[in-house]
Amino acid sequence: MKTELLDGGSRQSIEKAAEILKNGGLVAIPTETVYGLAANAFDKEAVVKIFKAKGRPVDNPLIVHICRFEELYKLVKSVPQKAKELAEKYWPGPLTIILPKADTVPDEVSPGLTTVAVRFPSHPVARAIIDAAGVPLAAPSANSSGLPSPTTAKHVMDDMNGKIEAVVDGGACDVGIESTVVTLAAEVPRLLRPGGITLEQLEAVLGHVEVDPAVLSELKEGERPASPGMKYKHYSPKAEVYIVNGSLPSFKYQLDSDPREGDAALCFDGEENGLSVPCLSFGREDRSSEQAHSLFDDLRKFDEMGARRVFVRAPSADGVGLGVYNRLLRAAAFKILNPPVIYGLTGQSGAGKTTVAAELKKKGYLIIDGDVLARKAVGDPEVLKNLAAEFGEDVISTDGTLVRSLVAKRAFASEQKRQRLNEITHPAITKLTLQEIRNNFEPYMKGAVIDAAAIFDCELPKYCTKMIVVTADEAVRAERIMKRDGIDRETAMHRINAQKNEQYYIERADIVIRNNKNENLADQLSEL
């Protein structure tokens, strides 16, 4: 079969699409939500063709599309007042209403159900085709079952070329995710699928609306779907999709803690440059409508990129965001990741960050000793090789270990050499730190804390949701250093004066802990 691409702006194309539908054929039509694969809803043989073309499970019900409110009466047993009020408020638009079906509706449209789902789309091309065909149109999304729904004619041709008679090009869809589905066939109105009409908008007309458990979880074994998009894995590219909860630093940790070839990310606008893998953005973090508009197009692009795993920043589940999150749950087959919240802990020598770390450990945090890992990193053969090339072969002792004092002397002779030392050692330190968190963090822990004196000199802060800086008065610090290292006051002050000043640390801190002799550390740490 040759699939013809028709221009939605042409009256001749509208008439041709309508003729195909009247003769029992299939036509993909644009709507404001996604492209639909349409057939005459009263022609059960044509409806069966939809399931075959899509590879759609036969127990997954379809939505019937109309172009006038009056056509609803031909499809349902009765139209309750609440349905009229919803239609007056939100039709035409991205809302599907489920009601007990009339005998005119073939069982193939609503397999095994006594109800039918009906929608009045706002897209002018869709309405013109329905009007010209003279019959309501059953139309699920015009994609191969399980793949991301199509929001352009190209998406449809990618999936349906050679399987259906025609595709009508009406441009890119405005909403970008399928319609909201609400059933009025139950005692209490129930939201079955979120979309462009929000729960709050429904409740403004209906009063209390229950949210079906399947909106945010899988159907129970053997439970029949009452609406499209409830039961099966949907909307997914060929890559494995994972939803990642938490902050942007936690997302970066997830990407970098177990990197693999073919990893990619779906992030919010403005976050692209800070990520270590190929990525796409799907709207601003606080703009759910933008995310909905871009979601399916982006998921399809990952296949073009050859992605194997796609990690997605979890959107808000409020308003239209509930629809976005619902589609992502299906695309990910409910694979949700909760990376640990990571904090950075640092401070000047003698400030007492080790004491603070011990307090945090008692509170249930995993403590990562960054200074220990820094020493471990310079034992890596590749790091040793690069240090010898940069600072001289004699920085490696006869037993193959690093002569740290010699490296320090040469590295701190100039700012350029110090930077080279960081460039060589910091990637190894970062890798070891992420491994340490991944191997030792347990779900019962409150978070992970990277305790490192030189944390601001490396990339570790990008994984930290908050930076904790420990400070103390200079005299207190001097006393602690003298006692700890067995040195005199003059030597202790020399060390203190060689470090960056307190203001440097405070300017980079999210939380400042004062750790003199009488402060209550537990109270100060309650902010976490």
# chains A, B, ... in the order shown; residues from 1 in each chain; ligands from 1
$ residues_around --residues "A:Gly347" --least-positions-apart "2" --cutoff "7 Å" --atoms "only C-alpha atoms" --output "list in words"
Ser349, Ala351, Lys353, Ala453, Val469, Val470, Thr471 and Tyr505 of chain A
$ residues_around --residues "A:Leu329" --least-positions-apart "2" --cutoff "10 Å" --atoms "only C-alpha atoms" --output "MDAnalysis selection string"
chainID A and resid 215:218 233:236 241:243 314 323:327 331:336
$ write_last_selection --atoms "N, CA and C atoms" --output "PDB file, in the first residue's frame"
ATOM      1  N   VAL A 215      -3.009   6.295  37.102  1.00  0.00           N
ATOM      2  CA  VAL A 215      -2.356   7.505  36.592  1.00  0.00           C
ATOM      3  C   VAL A 215      -0.875   7.513  36.974  1.00  0.00           C
ATOM      4  N   LEU A 216      -0.574   7.033  38.191  1.00  0.00           N
ATOM      5  CA  LEU A 216       0.804   7.078  38.682  1.00  0.00           C
ATOM      6  C   LEU A 216       1.367   5.697  39.026  1.00  0.00           C
ATOM      7  N   SER A 217       0.638   4.635  38.681  1.00  0.00           N
ATOM      8  CA  SER A 217       1.146   3.286  38.947  1.00  0.00           C
ATOM      9  C   SER A 217       0.585   2.325  37.911  1.00  0.00           C
ATOM     10  N   GLU A 218       1.091   1.108  37.918  1.00  0.00           N
ATOM     11  CA  GLU A 218       0.670   0.113  36.952  1.00  0.00           C
ATOM     12  C   GLU A 218      -0.682  -0.477  37.340  1.00  0.00           C
ATOM     13  N   LYS A 233       3.070  -0.454  28.339  1.00  0.00           N
ATOM     14  CA  LYS A 233       4.212   0.433  28.154  1.00  0.00           C
ATOM     15  C   LYS A 233       3.961   1.256  26.893  1.00  0.00           C
ATOM     16  N   HIS A 234       4.003   2.558  27.025  1.00  0.00           N
ATOM     17  CA  HIS A 234       3.658   3.462  25.922  1.00  0.00           C
ATOM     18  C   HIS A 234       4.772   4.483  25.728  1.00  0.00           C
ATOM     19  N   TYR A 235       4.664   5.174  24.607  1.00  0.00           N
ATOM     20  CA  TYR A 235       5.405   6.428  24.400  1.00  0.00           C
ATOM     21  C   TYR A 235       6.920   6.284  24.470  1.00  0.00           C
ATOM     22  N   SER A 236       7.457   5.083  24.325  1.00  0.00           N
ATOM     23  CA  SER A 236       8.865   4.865  24.625  1.00  0.00           C
ATOM     24  C   SER A 236       9.713   4.769  23.370  1.00  0.00           C
ATOM     25  N   VAL A 241      14.425   4.028  29.173  1.00  0.00           N
ATOM     26  CA  VAL A 241      14.171   5.338  29.765  1.00  0.00           C
ATOM     27  C   VAL A 241      14.112   5.208  31.285  1.00  0.00           C
ATOM     28  N   TYR A 242      14.751   6.154  31.978  1.00  0.00           N
ATOM     29  CA  TYR A 242      14.749   6.184  33.441  1.00  0.00           C
ATOM     30  C   TYR A 242      14.358   7.582  33.895  1.00  0.00           C
ATOM     31  N   ILE A 243      13.411   7.672  34.816  1.00  0.00           N
ATOM     32  CA  ILE A 243      13.059   8.945  35.436  1.00  0.00           C
ATOM     33  C   ILE A 243      13.955   9.133  36.664  1.00  0.00           C
ATOM     34  N   ALA A 314      12.915  14.449  36.356  1.00  0.00           N
ATOM     35  CA  ALA A 314      11.511  14.299  36.725  1.00  0.00           C
ATOM     36  C   ALA A 314      10.827  15.663  36.785  1.00  0.00           C
ATOM     37  N   GLY A 323       0.240  15.228  33.472  1.00  0.00           N
ATOM     38  CA  GLY A 323       0.181  14.513  32.202  1.00  0.00           C
ATOM     39  C   GLY A 323       1.557  14.166  31.677  1.00  0.00           C
ATOM     40  N   VAL A 324       2.502  15.097  31.817  1.00  0.00           N
ATOM     41  CA  VAL A 324       3.877  14.845  31.369  1.00  0.00           C
ATOM     42  C   VAL A 324       4.482  13.704  32.181  1.00  0.00           C
ATOM     43  N   TYR A 325       4.308  13.763  33.502  1.00  0.00           N
ATOM     44  CA  TYR A 325       4.872  12.730  34.369  1.00  0.00           C
ATOM     45  C   TYR A 325       4.233  11.371  34.084  1.00  0.00           C
ATOM     46  N   ASN A 326       2.933  11.355  33.840  1.00  0.00           N
ATOM     47  CA  ASN A 326       2.226  10.121  33.503  1.00  0.00           C
ATOM     48  C   ASN A 326       2.786   9.483  32.235  1.00  0.00           C
ATOM     49  N   ARG A 327       3.051  10.296  31.204  1.00  0.00           N
ATOM     50  CA  ARG A 327       3.601   9.743  29.951  1.00  0.00           C
ATOM     51  C   ARG A 327       5.015   9.213  30.170  1.00  0.00           C
ATOM     52  N   ALA A 331       6.634   5.594  29.465  1.00  0.00           N
ATOM     53  CA  ALA A 331       7.813   5.475  28.596  1.00  0.00           C
ATOM     54  C   ALA A 331       8.941   4.746  29.313  1.00  0.00           C
ATOM     55  N   ALA A 332       9.043   4.948  30.623  1.00  0.00           N
ATOM     56  CA  ALA A 332      10.108   4.339  31.417  1.00  0.00           C
ATOM     57  C   ALA A 332       9.703   2.985  31.985  1.00  0.00           C
ATOM     58  N   ALA A 333       8.458   2.554  31.696  1.00  0.00           N
ATOM     59  CA  ALA A 333       7.944   1.314  32.294  1.00  0.00           C
ATOM     60  C   ALA A 333       8.136   1.350  33.815  1.00  0.00           C
ATOM     61  N   PHE A 334       7.912   2.537  34.399  1.00  0.00           N
ATOM     62  CA  PHE A 334       7.941   2.762  35.840  1.00  0.00           C
ATOM     63  C   PHE A 334       9.333   2.570  36.457  1.00  0.00           C
ATOM     64  N   LYS A 335      10.378   2.766  35.658  1.00  0.00           N
ATOM     65  CA  LYS A 335      11.748   2.711  36.193  1.00  0.00           C
ATOM     66  C   LYS A 335      12.109   4.102  36.725  1.00  0.00           C
ATOM     67  N   ILE A 336      12.108   4.235  38.051  1.00  0.00           N
ATOM     68  CA  ILE A 336      12.337   5.513  38.711  1.00  0.00           C
ATOM     69  C   ILE A 336      13.586   5.407  39.587  1.00  0.00           C
TER      70      ILE A 336
END
$ residues_around --residues "A:Leu521" --least-positions-apart "3" --cutoff "10 Å" --atoms "only C-alpha atoms" --output "ChimeraX atom specification"
/A:355-356,359-360,513-516,518,524-526
$ residues_around --residues "A:Lys89" --least-positions-apart "5" --cutoff "10 Å" --atoms "only C-alpha atoms" --output "PyMOL selection string"
chain A and resi 83-84+201-202+204-205
$ atom_distance --atom1 "atom CA of A:Ile450" --atom2 "atom CA of A:Tyr253"
12.7 Å
$ atom_distance --atom1 "atom CA of A:Cys67" --atom2 "atom CA of A:Arg119"
8.7 Å
$ closest_residue --among "A:Ile481, A:Ile66, A:Val156, A:Ala307" --to "A:Ala126" --atoms "only C-alpha atoms"
A:Ile66
$ closest_residue --among "A:Val312, A:Ile177, A:Ala53, A:Ile20" --to "A:Ser149" --atoms "only C-alpha atoms"
A:Ile177
$ residues_around --residues "A:Thr114" --least-positions-apart "2" --cutoff "9 Å" --atoms "only C-alpha atoms" --output "PyMOL selection string"
chain A and resi 99-102+107+110-112+116
$ write_last_selection --atoms "N, CA, C and O atoms" --output "short mmCIF file (atom, residue, chain, number, x, y, z; two decimals), in the first residue's frame"
data_model
loop_
_atom_site.label_atom_id
_atom_site.label_comp_id
_atom_site.auth_asym_id
_atom_site.auth_seq_id
_atom_site.Cartn_x
_atom_site.Cartn_y
_atom_site.Cartn_z
N LEU A 99 -18.72 7.96 28.81
CA LEU A 99 -20.12 7.78 29.21
C LEU A 99 -20.59 6.38 28.77
O LEU A 99 -19.97 5.76 27.90
N PRO A 100 -21.69 5.88 29.34
CA PRO A 100 -22.25 4.61 28.86
C PRO A 100 -22.57 4.70 27.36
O PRO A 100 -23.19 5.66 26.92
N LYS A 101 -22.14 3.69 26.61
CA LYS A 101 -22.25 3.78 25.15
C LYS A 101 -23.61 3.32 24.64
O LYS A 101 -24.29 2.49 25.25
N ALA A 102 -23.99 3.89 23.50
CA ALA A 102 -25.21 3.49 22.80
C ALA A 102 -24.94 2.22 22.00
O ALA A 102 -23.79 1.86 21.72
N ASP A 107 -18.64 -2.95 19.36
CA ASP A 107 -17.83 -3.43 20.49
C ASP A 107 -16.34 -3.26 20.22
O ASP A 107 -15.54 -3.13 21.15
N SER A 110 -14.78 -0.11 21.92
CA SER A 110 -14.56 -0.18 23.38
C SER A 110 -14.55 -1.64 23.81
O SER A 110 -15.51 -2.11 24.41
N PRO A 111 -13.50 -2.36 23.50
CA PRO A 111 -13.49 -3.82 23.71
C PRO A 111 -13.80 -4.22 25.16
O PRO A 111 -13.12 -3.81 26.08
N GLY A 112 -14.90 -4.98 25.31
CA GLY A 112 -15.25 -5.49 26.63
C GLY A 112 -15.82 -4.48 27.59
O GLY A 112 -16.06 -4.78 28.75
N VAL A 116 -18.09 4.38 26.25
CA VAL A 116 -17.36 4.89 25.10
C VAL A 116 -16.71 6.22 25.47
O VAL A 116 -17.28 7.01 26.23
#
$ select_by_dssp --residues "stretch 220-342 of chain A" --states "helix (DSSP H, G or I)" --output "short mmCIF file (atom, residue, chain, number, x, y, z; two decimals) with all heavy atoms, in the first residue's frame"
data_model
loop_
_atom_site.label_atom_id
_atom_site.label_comp_id
_atom_site.auth_asym_id
_atom_site.auth_seq_id
_atom_site.Cartn_x
_atom_site.Cartn_y
_atom_site.Cartn_z
N LEU A 248 19.16 19.02 40.32
CA LEU A 248 20.10 18.95 39.20
C LEU A 248 21.43 18.33 39.61
O LEU A 248 21.96 17.48 38.88
CB LEU A 248 20.30 20.34 38.59
CG LEU A 248 21.30 20.43 37.42
CD1 LEU A 248 20.88 19.52 36.27
CD2 LEU A 248 21.43 21.87 36.94
N PRO A 249 22.02 18.69 40.77
CA PRO A 249 23.26 18.01 41.18
C PRO A 249 23.08 16.49 41.33
O PRO A 249 23.97 15.72 40.95
CB PRO A 249 23.60 18.67 42.52
CG PRO A 249 23.02 20.03 42.41
CD PRO A 249 21.74 19.84 41.66
N SER A 250 21.94 16.06 41.85
CA SER A 250 21.68 14.62 41.97
C SER A 250 21.57 13.98 40.59
O SER A 250 22.01 12.84 40.39
CB SER A 250 20.39 14.38 42.76
OG SER A 250 20.51 14.82 44.09
N PHE A 251 21.00 14.70 39.64
CA PHE A 251 20.89 14.21 38.26
C PHE A 251 22.28 14.03 37.65
O PHE A 251 22.56 13.03 37.00
CB PHE A 251 20.06 15.19 37.45
CG PHE A 251 19.69 14.71 36.06
CD1 PHE A 251 18.83 13.66 35.87
CD2 PHE A 251 20.22 15.35 34.95
CE1 PHE A 251 18.49 13.23 34.59
CE2 PHE A 251 19.89 14.93 33.67
CZ PHE A 251 19.02 13.87 33.49
N LYS A 252 23.15 15.00 37.89
CA LYS A 252 24.53 14.91 37.38
C LYS A 252 25.25 13.71 37.99
O LYS A 252 25.99 12.99 37.30
CB LYS A 252 25.29 16.20 37.67
CG LYS A 252 24.79 17.40 36.88
CD LYS A 252 25.53 18.68 37.30
CE LYS A 252 25.04 19.87 36.49
NZ LYS A 252 25.70 21.13 36.90
N TYR A 253 25.02 13.49 39.28
CA TYR A 253 25.62 12.32 39.92
C TYR A 253 25.13 11.04 39.24
O TYR A 253 25.92 10.13 38.97
CB TYR A 253 25.26 12.29 41.40
CG TYR A 253 25.51 10.93 42.03
CD1 TYR A 253 26.78 10.53 42.42
CD2 TYR A 253 24.45 10.02 42.18
CE1 TYR A 253 27.01 9.28 42.96
CE2 TYR A 253 24.67 8.76 42.72
CZ TYR A 253 25.95 8.39 43.10
OH TYR A 253 26.16 7.15 43.62
N GLN A 254 23.83 10.96 38.96
CA GLN A 254 23.28 9.76 38.34
C GLN A 254 23.93 9.50 36.98
O GLN A 254 24.25 8.35 36.64
CB GLN A 254 21.76 9.90 38.17
CG GLN A 254 21.07 8.66 37.64
CD GLN A 254 21.17 7.51 38.61
OE1 GLN A 254 20.76 7.61 39.76
NE2 GLN A 254 21.71 6.39 38.15
N LEU A 255 24.14 10.54 36.21
CA LEU A 255 24.75 10.39 34.89
C LEU A 255 26.20 9.95 34.98
O LEU A 255 26.67 9.15 34.15
CB LEU A 255 24.67 11.72 34.12
CG LEU A 255 23.29 12.23 33.74
CD1 LEU A 255 23.41 13.58 33.06
CD2 LEU A 255 22.55 11.26 32.84
N ASP A 256 26.93 10.46 35.97
CA ASP A 256 28.38 10.28 36.01
C ASP A 256 28.84 9.12 36.89
O ASP A 256 30.00 8.72 36.82
CB ASP A 256 29.06 11.57 36.49
CG ASP A 256 28.87 12.72 35.51
OD1 ASP A 256 28.36 12.48 34.40
OD2 ASP A 256 29.23 13.85 35.87
N SER A 257 27.94 8.59 37.73
CA SER A 257 28.36 7.56 38.67
C SER A 257 28.48 6.18 38.03
O SER A 257 29.20 5.31 38.54
CB SER A 257 27.40 7.49 39.86
OG SER A 257 26.09 7.13 39.42
N GLU A 272 21.68 22.17 29.69
CA GLU A 272 22.38 21.32 28.72
C GLU A 272 23.90 21.38 28.87
O GLU A 272 24.58 20.34 28.80
CB GLU A 272 22.01 21.72 27.29
CG GLU A 272 20.52 21.67 26.98
CD GLU A 272 19.80 22.98 27.21
OE1 GLU A 272 20.20 23.73 28.15
OE2 GLU A 272 18.85 23.27 26.48
N ASN A 273 24.46 22.56 29.05
CA ASN A 273 25.92 22.71 29.04
C ASN A 273 26.59 22.08 30.25
O ASN A 273 27.79 21.81 30.22
CB ASN A 273 26.30 24.19 28.94
CG ASN A 273 25.92 24.79 27.61
OD1 ASN A 273 25.80 24.08 26.61
ND2 ASN A 273 25.70 26.09 27.58
N GLY A 274 25.86 21.83 31.31
CA GLY A 274 26.47 21.28 32.51
C GLY A 274 26.42 19.77 32.60
O GLY A 274 26.82 19.20 33.61
N SER A 288 5.23 23.47 32.51
CA SER A 288 4.79 22.12 32.14
C SER A 288 4.23 22.06 30.72
O SER A 288 4.36 21.05 30.03
CB SER A 288 3.72 21.63 33.13
OG SER A 288 4.26 21.50 34.43
N SER A 289 3.59 23.14 30.28
CA SER A 289 3.03 23.15 28.92
C SER A 289 4.14 23.05 27.87
O SER A 289 3.95 22.40 26.83
CB SER A 289 2.19 24.41 28.69
OG SER A 289 2.97 25.58 28.88
N GLU A 290 5.28 23.67 28.13
CA GLU A 290 6.41 23.54 27.22
C GLU A 290 6.93 22.11 27.19
O GLU A 290 7.28 21.57 26.14
CB GLU A 290 7.54 24.49 27.63
CG GLU A 290 7.21 25.96 27.50
CD GLU A 290 8.33 26.87 27.98
OE1 GLU A 290 9.39 26.35 28.38
OE2 GLU A 290 8.15 28.10 27.97
N GLN A 291 7.00 21.49 28.36
CA GLN A 291 7.47 20.11 28.44
C GLN A 291 6.53 19.17 27.68
O GLN A 291 6.99 18.27 26.97
CB GLN A 291 7.56 19.69 29.91
CG GLN A 291 8.57 20.49 30.72
CD GLN A 291 8.32 20.41 32.21
OE1 GLN A 291 7.66 19.51 32.69
NE2 GLN A 291 8.82 21.40 32.95
N ALA A 292 5.22 19.39 27.83
CA ALA A 292 4.25 18.56 27.11
C ALA A 292 4.41 18.71 25.60
O ALA A 292 4.37 17.73 24.85
CB ALA A 292 2.83 18.95 27.52
N HIS A 293 4.61 19.95 25.15
CA HIS A 293 4.72 20.21 23.72
C HIS A 293 5.93 19.51 23.10
O HIS A 293 5.87 19.04 21.96
CB HIS A 293 4.82 21.72 23.49
CG HIS A 293 4.92 22.12 22.05
ND1 HIS A 293 3.83 22.11 21.20
CD2 HIS A 293 5.99 22.51 21.29
CE1 HIS A 293 4.22 22.49 20.00
NE2 HIS A 293 5.52 22.73 20.03
N SER A 294 7.03 19.41 23.84
CA SER A 294 8.28 18.88 23.28
C SER A 294 8.52 17.41 23.55
O SER A 294 9.35 16.78 22.89
CB SER A 294 9.47 19.67 23.86
OG SER A 294 9.41 21.04 23.51
N LEU A 295 7.81 16.84 24.53
CA LEU A 295 8.17 15.53 25.06
C LEU A 295 8.29 14.44 24.00
O LEU A 295 9.34 13.80 23.85
CB LEU A 295 7.15 15.09 26.12
CG LEU A 295 7.40 13.71 26.73
CD1 LEU A 295 8.73 13.67 27.46
CD2 LEU A 295 6.25 13.33 27.65
N PHE A 296 7.25 14.20 23.22
CA PHE A 296 7.27 13.08 22.28
C PHE A 296 8.26 13.30 21.14
O PHE A 296 8.90 12.36 20.67
CB PHE A 296 5.87 12.81 21.73
CG PHE A 296 4.92 12.25 22.75
CD1 PHE A 296 3.59 12.63 22.76
CD2 PHE A 296 5.35 11.34 23.70
CE1 PHE A 296 2.70 12.11 23.70
CE2 PHE A 296 4.48 10.81 24.64
CZ PHE A 296 3.14 11.21 24.64
N ASP A 297 8.38 14.54 20.71
CA ASP A 297 9.36 14.84 19.66
C ASP A 297 10.77 14.53 20.15
O ASP A 297 11.58 13.93 19.43
CB ASP A 297 9.23 16.30 19.24
CG ASP A 297 10.12 16.66 18.06
OD1 ASP A 297 10.08 15.92 17.05
OD2 ASP A 297 10.86 17.64 18.14
N ASP A 298 11.07 14.91 21.38
CA ASP A 298 12.40 14.65 21.94
C ASP A 298 12.65 13.15 22.11
O ASP A 298 13.73 12.66 21.82
CB ASP A 298 12.57 15.36 23.28
CG ASP A 298 12.79 16.86 23.13
OD1 ASP A 298 13.21 17.28 22.04
OD2 ASP A 298 12.54 17.60 24.09
N LEU A 299 11.64 12.42 22.59
CA LEU A 299 11.82 10.98 22.78
C LEU A 299 12.13 10.29 21.45
O LEU A 299 12.93 9.35 21.39
CB LEU A 299 10.57 10.36 23.42
CG LEU A 299 10.33 10.71 24.89
CD1 LEU A 299 9.03 10.10 25.38
CD2 LEU A 299 11.49 10.26 25.77
N ARG A 300 11.52 10.76 20.37
CA ARG A 300 11.81 10.20 19.05
C ARG A 300 13.23 10.56 18.60
O ARG A 300 13.91 9.76 17.95
CB ARG A 300 10.78 10.68 18.02
CG ARG A 300 9.44 9.99 18.15
CD ARG A 300 8.41 10.50 17.16
NE ARG A 300 7.21 9.69 17.20
CZ ARG A 300 6.95 8.65 16.42
NH1 ARG A 300 7.82 8.29 15.49
NH2 ARG A 300 5.84 7.95 16.55
N LYS A 301 13.68 11.76 18.95
CA LYS A 301 15.02 12.19 18.54
C LYS A 301 16.11 11.33 19.17
O LYS A 301 17.18 11.16 18.59
CB LYS A 301 15.23 13.66 18.89
CG LYS A 301 14.49 14.63 17.98
CD LYS A 301 14.69 16.07 18.44
CE LYS A 301 13.92 17.03 17.53
NZ LYS A 301 14.02 18.43 18.00
N PHE A 302 15.85 10.79 20.34
CA PHE A 302 16.86 9.93 20.97
C PHE A 302 17.14 8.69 20.13
O PHE A 302 18.27 8.19 20.13
CB PHE A 302 16.43 9.54 22.39
CG PHE A 302 16.58 10.66 23.38
CD1 PHE A 302 15.48 11.17 24.05
CD2 PHE A 302 17.83 11.19 23.66
CE1 PHE A 302 15.63 12.21 24.97
CE2 PHE A 302 17.99 12.23 24.57
CZ PHE A 302 16.88 12.73 25.23
N ASP A 303 16.13 8.18 19.43
CA ASP A 303 16.36 7.05 18.53
C ASP A 303 17.27 7.47 17.38
O ASP A 303 18.15 6.72 16.96
CB ASP A 303 15.04 6.51 18.00
CG ASP A 303 14.33 5.64 19.03
OD1 ASP A 303 15.00 5.17 19.97
OD2 ASP A 303 13.11 5.43 18.91
N GLU A 304 17.04 8.68 16.87
CA GLU A 304 17.89 9.17 15.79
C GLU A 304 19.33 9.35 16.26
O GLU A 304 20.27 9.19 15.48
CB GLU A 304 17.35 10.52 15.27
CG GLU A 304 15.94 10.43 14.67
CD GLU A 304 15.37 11.81 14.34
OE1 GLU A 304 16.14 12.80 14.41
OE2 GLU A 304 14.17 11.90 14.04
N MET A 305 19.51 9.67 17.54
CA MET A 305 20.84 9.84 18.12
C MET A 305 21.51 8.50 18.43
O MET A 305 22.71 8.47 18.72
CB MET A 305 20.75 10.66 19.41
CG MET A 305 20.32 12.10 19.20
SD MET A 305 19.75 12.93 20.73
CE MET A 305 21.17 12.70 21.80
N GLY A 321 1.72 19.24 34.26
CA GLY A 321 2.86 18.39 34.59
C GLY A 321 2.45 16.98 34.97
O GLY A 321 3.23 16.03 34.77
N LEU A 322 1.25 16.79 35.52
CA LEU A 322 0.78 15.45 35.84
C LEU A 322 0.68 14.60 34.57
O LEU A 322 1.02 13.42 34.58
CB LEU A 322 -0.57 15.52 36.55
CG LEU A 322 -1.18 14.18 36.97
CD1 LEU A 322 -0.27 13.45 37.95
CD2 LEU A 322 -2.58 14.39 37.57
N GLY A 323 0.24 15.23 33.47
CA GLY A 323 0.18 14.51 32.20
C GLY A 323 1.56 14.17 31.68
O GLY A 323 1.78 13.07 31.15
N VAL A 324 2.50 15.10 31.82
CA VAL A 324 3.88 14.85 31.37
C VAL A 324 4.48 13.70 32.18
O VAL A 324 5.09 12.78 31.63
CB VAL A 324 4.74 16.12 31.50
CG1 VAL A 324 6.18 15.84 31.09
CG2 VAL A 324 4.15 17.25 30.67
N TYR A 325 4.31 13.76 33.50
CA TYR A 325 4.87 12.73 34.37
C TYR A 325 4.23 11.37 34.08
O TYR A 325 4.91 10.33 34.05
CB TYR A 325 4.68 13.12 35.83
CG TYR A 325 5.46 12.26 36.80
CD1 TYR A 325 6.84 12.26 36.79
CD2 TYR A 325 4.81 11.45 37.72
CE1 TYR A 325 7.57 11.48 37.68
CE2 TYR A 325 5.52 10.67 38.61
CZ TYR A 325 6.90 10.68 38.58
OH TYR A 325 7.61 9.89 39.45
N ASN A 326 2.93 11.35 33.84
CA ASN A 326 2.23 10.12 33.50
C ASN A 326 2.79 9.48 32.24
O ASN A 326 3.02 8.27 32.18
CB ASN A 326 0.74 10.43 33.33
CG ASN A 326 -0.05 9.30 32.70
OD1 ASN A 326 -0.19 9.25 31.48
ND2 ASN A 326 -0.56 8.40 33.52
N ARG A 327 3.05 10.30 31.20
CA ARG A 327 3.60 9.74 29.95
C ARG A 327 5.01 9.21 30.17
O ARG A 327 5.39 8.18 29.63
CB ARG A 327 3.62 10.81 28.86
CG ARG A 327 2.27 11.43 28.50
CD ARG A 327 1.12 10.43 28.39
NE ARG A 327 -0.07 11.04 27.82
CZ ARG A 327 -1.00 11.69 28.54
NH1 ARG A 327 -0.87 11.81 29.86
NH2 ARG A 327 -2.05 12.21 27.95
N LEU A 328 5.80 9.92 30.98
CA LEU A 328 7.16 9.46 31.26
C LEU A 328 7.16 8.15 32.05
O LEU A 328 8.00 7.28 31.81
CB LEU A 328 7.92 10.54 32.03
CG LEU A 328 8.43 11.70 31.19
CD1 LEU A 328 8.99 12.81 32.07
CD2 LEU A 328 9.49 11.23 30.20
N LEU A 329 6.21 8.00 32.97
CA LEU A 329 6.12 6.74 33.71
C LEU A 329 5.92 5.58 32.75
O LEU A 329 6.54 4.51 32.90
CB LEU A 329 4.97 6.79 34.71
CG LEU A 329 5.20 7.59 35.99
CD1 LEU A 329 3.90 7.70 36.79
CD2 LEU A 329 6.27 6.94 36.85
N ARG A 330 5.05 5.77 31.76
CA ARG A 330 4.80 4.70 30.78
C ARG A 330 6.02 4.49 29.88
O ARG A 330 6.38 3.37 29.55
CB ARG A 330 3.58 5.02 29.94
CG ARG A 330 2.27 4.40 30.42
CD ARG A 330 1.76 5.03 31.67
NE ARG A 330 0.65 4.25 32.24
CZ ARG A 330 0.10 4.52 33.40
NH1 ARG A 330 0.55 5.54 34.12
NH2 ARG A 330 -0.88 3.78 33.87
N ALA A 331 6.63 5.59 29.47
CA ALA A 331 7.81 5.47 28.60
C ALA A 331 8.94 4.75 29.31
O ALA A 331 9.71 4.00 28.70
CB ALA A 331 8.28 6.86 28.16
#
$ closest_atom_pairs --of "stretch 372-393 of chain A" --to "stretch 424-442 of chain A" --cutoff "8 Å" --atoms "only C-alpha atoms" --output "CSV"
residue,atom,partner,partner_atom,distance
A:Leu373,CA,A:Ile429,CA,6.2
A:Ala374,CA,A:Ile429,CA,5.5
A:Ala377,CA,A:Ile429,CA,5.6
A:Val378,CA,A:Thr425,CA,6.8
A:Val383,CA,A:Ile424,CA,6.4
A:Asn386,CA,A:Ile424,CA,6.8
A:Leu387,CA,A:Ile424,CA,7.1
$ write_last_selection --atoms "C-alpha atoms" --output "PDB file, in the first residue's frame"
ATOM      1  CA  LEU A 373      40.576   9.393  48.222  1.00  0.00           C
ATOM      2  CA  ALA A 374      42.919  12.146  47.011  1.00  0.00           C
ATOM      3  CA  ALA A 377      44.082   8.696  43.416  1.00  0.00           C
ATOM      4  CA  VAL A 378      47.796   9.383  43.080  1.00  0.00           C
ATOM      5  CA  VAL A 383      47.920   9.331  37.188  1.00  0.00           C
ATOM      6  CA  ASN A 386      51.088  11.753  33.867  1.00  0.00           C
ATOM      7  CA  LEU A 387      52.601  13.277  37.013  1.00  0.00           C
TER       8      LEU A 387
END
$ atom_distance --atom1 "atom CA of A:Glu507" --atom2 "atom CA of A:Ala452"
17.1 Å
$ closest_residue --among "A:Val27, A:Ile130, A:Ala41, A:Met482" --to "A:Val168" --atoms "only C-alpha atoms"
A:Val27
$ closest_residue --among "A:Glu459, A:Asp318, A:Glu32, A:Asp451" --to "A:Ser179" --atoms "only C-alpha atoms"
A:Glu32
$ select_by_dssp --residues "stretch 17-248 of chain A" --states "strand (DSSP E or B)" --output "PyMOL selection string"
chain A and resi 27-29+36-40+63-65+76+95-101+115-119+137-138+141+166-169+180-183+190-193+210-211+240-244
